[in-house]
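Enquirer: What follows is input15.cif, made up of mmCIF, C-alpha atoms:
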```cif
data_my_file
loop_
_atom_site.label_atom_id
_atom_site.label_comp_id
_atom_site.auth_asym_id
_atom_site.auth_seq_id
_atom_site.Cartn_x
_atom_site.Cartn_y
_atom_site.Cartn_z
CA MET A 1 114.36 103.35 101.27
CA THR A 2 112.23 100.25 100.69
CA ALA A 3 110.82 98.38 97.70
CA ASN A 4 108.32 95.60 97.15
CA TRP A 5 109.19 92.27 95.53
CA ALA A 6 108.16 93.41 92.03
CA THR A 7 110.60 96.34 92.22
CA PHE A 8 113.41 93.94 93.11
CA VAL A 9 112.45 91.57 90.27
CA THR A 10 112.53 94.46 87.80
CA ALA A 11 115.88 95.74 89.09
CA GLU A 12 117.63 92.35 89.37
CA PRO A 13 115.65 89.62 87.58
CA GLU A 14 118.43 87.01 87.62
CA LEU A 15 119.13 87.37 91.33
CA ALA A 16 115.40 87.50 92.11
CA GLY A 17 114.93 84.21 90.26
CA LEU A 18 117.73 82.58 92.26
CA VAL A 19 116.27 83.86 95.53
CA GLU A 20 112.78 82.58 94.69
CA LYS A 21 114.26 79.22 93.71
CA ARG A 22 116.09 78.95 97.06
CA PHE A 23 112.92 79.78 99.00
CA GLY A 24 110.94 77.41 96.79
CA ALA A 25 113.28 74.48 97.50
CA TYR A 26 111.86 74.04 101.03
CA THR A 27 108.61 74.90 102.74
CA HIS A 28 109.87 76.29 106.05
CA HIS A 29 112.35 79.12 106.56
CA VAL A 30 113.59 81.20 109.49
CA LEU A 31 112.11 84.58 110.38
CA ALA A 32 113.88 86.89 112.81
CA THR A 33 111.83 89.54 114.61
CA LEU A 34 112.42 91.77 117.62
CA ARG A 35 110.89 91.05 121.02
CA LYS A 36 109.52 93.79 123.31
CA ASP A 37 112.91 94.07 125.02
CA GLY A 38 114.73 94.39 121.66
CA SER A 39 116.30 90.94 121.73
CA PRO A 40 115.97 88.76 118.62
CA ARG A 41 113.39 86.03 118.18
CA THR A 42 113.73 83.39 115.45
CA THR A 43 110.83 81.23 114.34
CA GLY A 44 109.86 79.01 111.45
CA LEU A 45 107.70 80.43 108.68
CA GLU A 46 106.29 79.69 105.24
CA VAL A 47 106.56 82.48 102.65
CA ARG A 48 104.82 83.16 99.34
CA PHE A 49 105.76 85.19 96.28
CA LEU A 50 102.42 86.24 94.75
CA GLY A 51 101.30 89.18 92.64
CA GLY A 52 104.61 91.03 92.83
CA GLU A 53 104.75 90.80 96.63
CA LEU A 54 106.55 88.70 99.21
CA TRP A 55 103.91 87.64 101.75
CA LEU A 56 104.29 86.40 105.32
CA GLY A 57 101.28 84.56 106.75
CA MET A 58 101.00 83.70 110.44
CA MET A 59 98.70 82.11 112.98
CA PRO A 60 96.52 84.50 114.98
CA ASP A 61 98.32 86.20 117.85
CA SER A 62 101.53 84.25 117.25
CA LEU A 63 104.53 85.84 118.95
CA LYS A 64 106.13 86.67 115.59
CA ALA A 65 102.96 88.47 114.45
CA LEU A 66 102.82 90.43 117.70
CA ASP A 67 106.51 91.28 117.31
CA LEU A 68 105.92 92.61 113.78
CA ARG A 69 102.91 94.65 114.87
CA ARG A 70 105.10 96.33 117.49
CA ASP A 71 108.24 96.68 115.33
CA PRO A 72 107.95 95.80 111.62
CA ARG A 73 111.65 95.09 111.04
CA PHE A 74 112.49 91.51 110.07
CA ALA A 75 115.16 89.29 108.58
CA LEU A 76 114.19 86.20 106.61
CA GLN A 77 116.67 83.37 106.01
CA ALA A 78 116.03 80.67 103.40
CA ASN A 79 116.18 77.13 104.70
CA PRO A 80 119.74 75.94 103.94
CA GLY A 81 118.59 72.37 103.39
CA GLU A 82 120.29 69.18 104.41
CA GLY A 83 124.05 68.86 104.67
CA THR A 84 126.40 71.65 103.73
CA GLY A 85 125.83 71.93 99.98
CA MET A 86 123.39 74.87 100.04
CA GLY A 87 122.75 74.55 96.31
CA GLY A 88 122.08 78.02 94.91
CA GLY A 89 123.78 79.70 97.83
CA ASP A 90 122.57 81.16 101.08
CA VAL A 91 119.91 83.88 100.73
CA ARG A 92 118.35 86.29 103.16
CA ILE A 93 115.99 89.22 102.94
CA GLY A 94 115.70 92.16 105.30
CA GLY A 95 112.90 94.66 105.48
CA ARG A 96 109.67 95.75 107.10
CA ALA A 97 106.45 93.77 107.36
CA ILE A 98 103.20 95.70 106.96
CA GLU A 99 100.06 93.97 108.23
CA VAL A 100 97.25 93.70 105.69
CA ASP A 101 93.73 94.07 107.06
CA ASP A 102 92.02 94.59 103.70
CA VAL A 103 89.35 91.88 103.45
CA GLU A 104 89.62 91.56 99.67
CA THR A 105 93.41 91.19 99.70
CA LYS A 106 93.28 88.60 102.49
CA ALA A 107 90.54 86.68 100.67
CA GLY A 108 92.63 86.58 97.49
CA TYR A 109 95.62 85.32 99.44
CA ALA A 110 93.48 82.72 101.23
CA GLU A 111 92.05 81.50 97.93
CA GLU A 112 95.55 81.03 96.50
CA VAL A 113 97.35 79.64 99.57
CA GLU A 114 94.54 78.06 101.63
CA PRO A 115 96.02 78.89 105.06
CA PRO A 116 94.27 77.86 108.27
CA GLU A 117 91.75 80.54 109.22
CA PRO A 118 91.99 83.02 110.85
CA PHE A 119 95.47 84.31 110.05
CA HIS A 120 97.65 87.42 110.04
CA LEU A 121 98.94 88.54 106.66
CA PHE A 122 101.94 90.80 106.17
CA ARG A 123 103.17 92.42 102.94
CA THR A 124 106.90 93.08 102.90
CA GLU A 125 108.91 96.16 102.05
CA LEU A 126 112.49 95.12 101.28
CA THR A 127 115.53 96.98 102.57
CA GLU A 128 118.06 94.43 101.31
CA VAL A 129 118.48 91.07 99.61
CA VAL A 130 121.73 89.16 100.10
CA ARG A 131 123.02 86.02 98.39
CA THR A 132 126.22 84.33 99.55
CA TYR A 133 127.81 81.43 97.67
CA VAL A 134 131.15 79.75 96.97
CA GLU A 135 132.65 80.11 93.49
CA ASP A 136 135.29 77.73 92.09
CA ASP A 137 135.80 76.23 95.56
CA LYS A 138 137.99 79.19 96.51
CA TYR A 139 135.98 82.42 96.54
CA LEU A 140 133.22 83.48 98.88
CA VAL A 141 130.92 85.72 96.83
CA VAL A 142 128.43 88.06 98.47
CA GLN A 143 125.82 89.83 96.35
CA VAL A 144 123.97 92.69 98.05
CA TRP A 145 120.99 94.56 96.61
CA LYS A 146 119.41 97.56 98.29
CA PRO A 147 116.56 99.65 96.84
CA GLY A 148 117.81 102.51 94.69
CA THR A 149 121.35 101.16 94.39
CA PRO A 150 122.99 98.83 91.88
CA LEU A 151 123.79 95.25 92.82
CA ARG A 152 127.08 95.09 94.69
CA THR A 153 129.24 91.96 94.42
CA ILE A 154 132.08 91.26 96.86
CA LYS A 155 134.56 88.38 96.33
CA ARG A 156 136.77 87.10 99.11
CA ALA A 157 139.50 84.49 98.78
#
```
Go ahead and render the structure in this file as structure tokens.
Expert:
Amino acid sequence: MTANWATFVTAEPELAGLVEKRFGAYTHHVLATLRKDGSPRTTGLEVRFLGGELWLGMMPDSLKALDLRRDPRFALQANPGEGTGMGGGDVRIGGRAIEVDDVETKAGYAEEVEPPEPFHLFRTELTEVVRTYVEDDKYLVVQVWKPGTPLRTIKRA
């Protein structure tokens, strides 16, 4: 089961706000895709939350775009920032990236974001959102949201 960003925001507005804030704290994040041979590839990426969607824009024929065309599964890790503080926790998103070829949609994105032309544009379908943080300097807290299920919170001492 998958969901778009707007579905996640409706289901878990507080967590969605924290996730957007973490991604908004830095420009570049880490995208993991699958190579032809199935091994992982990690690359830097800018992301955008616009119009109820999480968008991934890429340079033409970049390896990550070719990976996603072949196998749409991805994992996206927010930039942890400098040092070890990770204010707001560590967040990651898993899902599928669907390439958008619709001229009108791409033009709207380009007008808003002003990416270098030409570019690949992918709309995401989420399979999970995870936030990990430390509480009271003694608990590791993991929050996991998956479409169609309630938010699950795990605390470890």
Enquirer: Please report the interatomic distance between CA of Ala11 (chain A) and CA of Arg73 (chain A) in Å with one decimal.
Expert: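 So the answer is 22.4 Å.
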Enquirer: Take the PyMOL selection byres ((chain A and resi 15) around 10), run it mentally on this structure, and tell me the resulting residues as a list in words.
Expert: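 Listing what the PyMOL selection byres ((chain A and resi 15) around 10) selects in the shown file: Phe8, Val9, Ala11, Glu12, Pro13, Glu14, Ala16, Gly17, Leu18, Val19, Glu20, Lys21, Val129, Val130, Arg131, Gln143, Val144, Trp145 and Leu151 of chain A.
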Enquirer: Report as a ChimeraX atom specification all protein, DNA and RNA residues lying within 12 Å of Ala107 (chain A), evaluated on only C-alpha atoms, omitting residues in the same chain fewer than 4 positions from it.
Expert: /A:100-103,111-115,117-121
Enquirer: Using all atoms listed in the file, collect all residues at a distance of at most 12 Å from (112.7, 108.4, 102.5) as written in the file, then present them as a PyMOL selection string.
Expert: chain A and resi 1-3+127+147-148
Enquirer: Mind dumping the selected residues with C-alpha atoms as a PDB file, in the coordinates of the input?
Expert:
```pdb
ATOM      1  CA  MET A   1     114.360 103.350 101.270  1.00  0.00           C
ATOM      2  CA  THR A   2     112.230 100.250 100.690  1.00  0.00           C
ATOM      3  CA  ALA A   3     110.820  98.380  97.700  1.00  0.00           C
ATOM      4  CA  THR A 127     115.530  96.980 102.570  1.00  0.00           C
ATOM      5  CA  PRO A 147     116.560  99.650  96.840  1.00  0.00           C
ATOM      6  CA  GLY A 148     117.810 102.510  94.690  1.00  0.00           C
TER       7      GLY A 148
END
```
Enquirer: What does the distance between CA of Val30 (chain A) and CA of Gly108 (chain A) come to in Å, to one decimal place?
Expert: 24.7 Å
Enquirer: Neighbouring residues of Glu99 (chain A) were defined as those with any atom within 9 Å, considering only C-alpha atoms; residues of the same chain fewer than 4 positions away were excluded. Please report them as a ChimeraX atom specification.
Expert: /A:65,68-69,72,120-124
Enquirer: Identify the residues within 9 Å of coordinate (130.5, 91.7, 95.1) (same frame as the file), considering only C-alpha atoms, and give the answer as a list in words.
Expert: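 Applying the cut-off with only C-alpha atoms, one gets Val141, Val142, Gln143, Val144, Leu151, Arg152, Thr153, Ile154, Lys155 and Arg156 of chain A.
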Enquirer: Keeping C-alpha atoms for every residue in the selection just given, could you write it to a file as a PDB file, in the coordinates of the input?
Expert:
```pdb
ATOM      1  CA  VAL A 141     130.920  85.720  96.830  1.00  0.00           C
ATOM      2  CA  VAL A 142     128.430  88.060  98.470  1.00  0.00           C
ATOM      3  CA  GLN A 143     125.820  89.830  96.350  1.00  0.00           C
ATOM      4  CA  VAL A 144     123.970  92.690  98.050  1.00  0.00           C
ATOM      5  CA  LEU A 151     123.790  95.250  92.820  1.00  0.00           C
ATOM      6  CA  ARG A 152     127.080  95.090  94.690  1.00  0.00           C
ATOM      7  CA  THR A 153     129.240  91.960  94.420  1.00  0.00           C
ATOM      8  CA  ILE A 154     132.080  91.260  96.860  1.00  0.00           C
ATOM      9  CA  LYS A 155     134.560  88.380  96.330  1.00  0.00           C
ATOM     10  CA  ARG A 156     136.770  87.100  99.110  1.00  0.00           C
TER      11      ARG A 156
END
```
Enquirer: Could you please determine the separation between CA of Arg92 (chain A) and CA of Pro116 (chain A) in Å, to one decimal place?
Expert: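 CA of Pro116 (chain A) lies 26.0 Å from CA of Arg92 (chain A).
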Enquirer: Using all atoms listed in the file, pick whichever of A:His28, A:Arg48, A:Lys138, A:Arg70 has the shortest atom-to-atom distance to Trp5 (chain A).
Expert: A:Arg48
Enquirer: Neighbours of Tyr139 (chain A) within 6 Å (all atoms listed in the file; same-chain residues fewer than 4 positions away dropped), as an MDAnalysis selection string?
Expert: chainID A and resid 134:135 156:157
Enquirer: Of the residues A:Ala32, A:Leu76, A:Leu50, A:Ala25, which is the one nearest to Ala110 (chain A), using all atoms listed in the file?
Expert: A:Leu50
Enquirer: Have a look at A:Leu31, A:Val47, A:Val91, A:Ala6 and name the one nearest to Ala75 (chain A); count all atoms listed in the file.
Expert: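 Using all atoms listed in the file, Ala75 (chain A) sits closest to A:Leu31.
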Enquirer: Applied to this file, what does the PyMOL selection byres ((chain A and resi 34) around 8) return in terms of residues, put as a PyMOL selection string?
Expert: chain A and resi 32-33+35-41+67-68+71+73-74
Enquirer: Produce a file of the selected residues containing C-alpha atoms, as a PDB file, in the coordinates of the input.
Expert:
```pdb
ATOM      1  CA  ALA A  32     113.880  86.890 112.810  1.00  0.00           C
ATOM      2  CA  THR A  33     111.830  89.540 114.610  1.00  0.00           C
ATOM      3  CA  ARG A  35     110.890  91.050 121.020  1.00  0.00           C
ATOM      4  CA  LYS A  36     109.520  93.790 123.310  1.00  0.00           C
ATOM      5  CA  ASP A  37     112.910  94.070 125.020  1.00  0.00           C
ATOM      6  CA  GLY A  38     114.730  94.390 121.660  1.00  0.00           C
ATOM      7  CA  SER A  39     116.300  90.940 121.730  1.00  0.00           C
ATOM      8  CA  PRO A  40     115.970  88.760 118.620  1.00  0.00           C
ATOM      9  CA  ARG A  41     113.390  86.030 118.180  1.00  0.00           C
ATOM     10  CA  ASP A  67     106.510  91.280 117.310  1.00  0.00           C
ATOM     11  CA  LEU A  68     105.920  92.610 113.780  1.00  0.00           C
ATOM     12  CA  ASP A  71     108.240  96.680 115.330  1.00  0.00           C
ATOM     13  CA  ARG A  73     111.650  95.090 111.040  1.00  0.00           C
ATOM     14  CA  PHE A  74     112.490  91.510 110.070  1.00  0.00           C
TER      15      PHE A  74
END
```
Enquirer: Nearest to Gly94 (chain A): which of A:Lys146, A:Asp136, A:Glu46, A:Gly52 is it, counting all atoms listed in the file?
Expert: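 Ranking A:Lys146, A:Asp136, A:Glu46, A:Gly52 by distance to Gly94 (chain A), first place goes to A:Lys146.
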